[in-house]
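Asker: First the structure, then my questions, so here it is.
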Amino acid sequence: MASNNEQQNQAGRHQEVGHKSLLQSDELYQYILETSVYPTEPEPMKELRELTAKHPWNIMTSSADEGQFLNMLLKLMNAKNTMEIGVYTGYSLLATALALPDDGKILAMDINRENYELGLPVIQKAGVAHKIDFKEGPALPVLDQMIAEGKYHGTFDFIFVDADKDNYLNYHERLIELVKVGGVIGYDNTLWNGSVVAPPDAPLRKYVRYYRDFVMKLNKALPADPRIEICMLPVGDGITLCRRIK
């Protein structure tokens, strides 16, 4: 049995590395990827994943197992009208676009068009670019405008949020108006590198420590929201699904 020091060292190592999966065994996570994910990953998603891996901020991308999960979820939901806040190079966006029918639509928002355009040629080659309406800039003003116009209430089947964690609760108060009853909002990174259970003196990276409190506030607020029912999953860096019930 491992000593307390050994357990602390192991925990510290995982927090510092910042695994995309919270499985305690790297080998087990690799087994999932090689057995389930990579053999069935669509070629465009593989190409975009490998392209993104060369980017300096590649840690921002969704993991391959999360891409597979989102693609399956959207097909099970028969989703057609979706939104994504936080696009980066578009790996989760591509997973969504491939899952939607040919006349499906994605409103995609990010503050950085340059990153999106890195992945755009792959998305175009996959034949799904026509499903995407990309808007550059902060999402909150766009959401406020949509709510003010009144015609978008309850029109989205699925909304995926992987953006600035300090605004997650601000997004939630707006998105709950835009997703339909029975529709789903997915919040990414809700286990935040495992830091949500880390002690105060844990060796966390600066950005992990900064956003941790915001993630934890979200995690506390969602179960208390009577408008939704939730499910937190240890896929990728943690994803919480919120199904609007009223």
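Letters A, B, ... go to the chains of the structure tokens in the order shown; residues in each chain start at 1; ligands are counted from 1 in the same order.
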Set the distance at 10 Å and use only C-alpha atoms: which residues neighbour Ile228 in chain A once local chain neighbours fewer than 4 positions away are removed? I'd like the list as number ranges by chain.

Answerer: A: 176, 181-185, 222-224, 241-246

Asker: From a DSSP pass on the backbone, collect the residues of range 3-242 of chain A flagged as alpha helix (DSSP H) and hand them back as a VMD selection string.

Answerer: chain A and resid 4 to 17 26 to 32 43 to 52 64 to 77 91 to 99 113 to 125 139 to 149 168 to 178 206 to 221

Asker: I'd like the contact shell of Asn78 in chain A - 8 Å cut-off, only C-alpha atoms, skipping same-chain residues fewer than 3 positions apart - returned as a PDB file with C-alpha atoms, in the first residue's frame.

Answerer:
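Final output, saved to out-v7.pdb:
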```
ATOM      1  CA  LEU A  74     -25.799  14.507 -30.976  1.00  0.00           C
ATOM      2  CA  LYS A  75     -26.806  11.571 -33.161  1.00  0.00           C
ATOM      3  CA  LEU A 100     -25.752  16.847 -37.769  1.00  0.00           C
TER       4      LEU A 100
END
```

Asker: Each residue of range 72-111 of chain A lying at most 12 Å from range 33-50 of chain A should get a row with its shortest atom-to-atom pair and the distance in Å to one decimal, counting only C-alpha atoms; could you produce that, ordered by chain and increasing number, as a tab-separated table?

Answerer:
```
residue	atom	partner	partner_atom	distance
A:Met72	CA	A:Glu41	CA	11.5
A:Tyr88	CA	A:Leu48	CA	11.4
A:Thr89	CA	A:Leu48	CA	7.9
A:Gly90	CA	A:Leu48	CA	7.9
A:Tyr91	CA	A:Leu48	CA	6.4
A:Ser92	CA	A:Met45	CA	8.9
A:Leu93	CA	A:Met45	CA	9.9
A:Leu94	CA	A:Met45	CA	6.8
A:Ala95	CA	A:Met45	CA	7.1
A:Thr96	CA	A:Met45	CA	10.7
A:Ala97	CA	A:Met45	CA	10.8
A:Leu98	CA	A:Pro42	CA	8.9
A:Ala99	CA	A:Pro42	CA	10.9
```

Asker: Please provide as a count of residues only all residues within 9 Å of Asp110 in chain A, with the sequence filter that same-chain residues fewer than 4 positions apart are discarded (counting only C-alpha atoms).

Answerer: 13

Asker: Could you tell me, as a PyMOL selection string, which residues of range 29-215 of chain A DSSP assigns to strand (DSSP E or B) when given the backbone?

Answerer: chain A and resi 81-85+105-110+132-136+156-161+179-188

Asker: Find the distance between CA of Ile106 in chain A and CA of Ile132 in chain A and write it in Å to one decimal.

Answerer: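 Interatomic distance, CA of Ile106 in chain A to CA of Ile132 in chain A: 4.9 Å.
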
Asker: Would you please work out which residue, of A:Tyr210, A:Phe160, A:Tyr171, A:Tyr152, is nearest to Leu73 in chain A when using only C-alpha atoms?

Answerer: A:Phe160

Asker: Env of His130 in chain A: 9 Å cut, atoms = only C-alpha atoms, seq-sep filter 4 positions within chain, self excluded. Answer as number ranges by chain.

Answerer: A: 102-103, 105, 124

Asker: When you count only C-alpha atoms, which of these residues is closest to Gly186 in chain A: A:Ile159, A:Val215, A:Met146, A:Leu118?

Answerer: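 Closest residue, counting only C-alpha atoms: A:Ile159.
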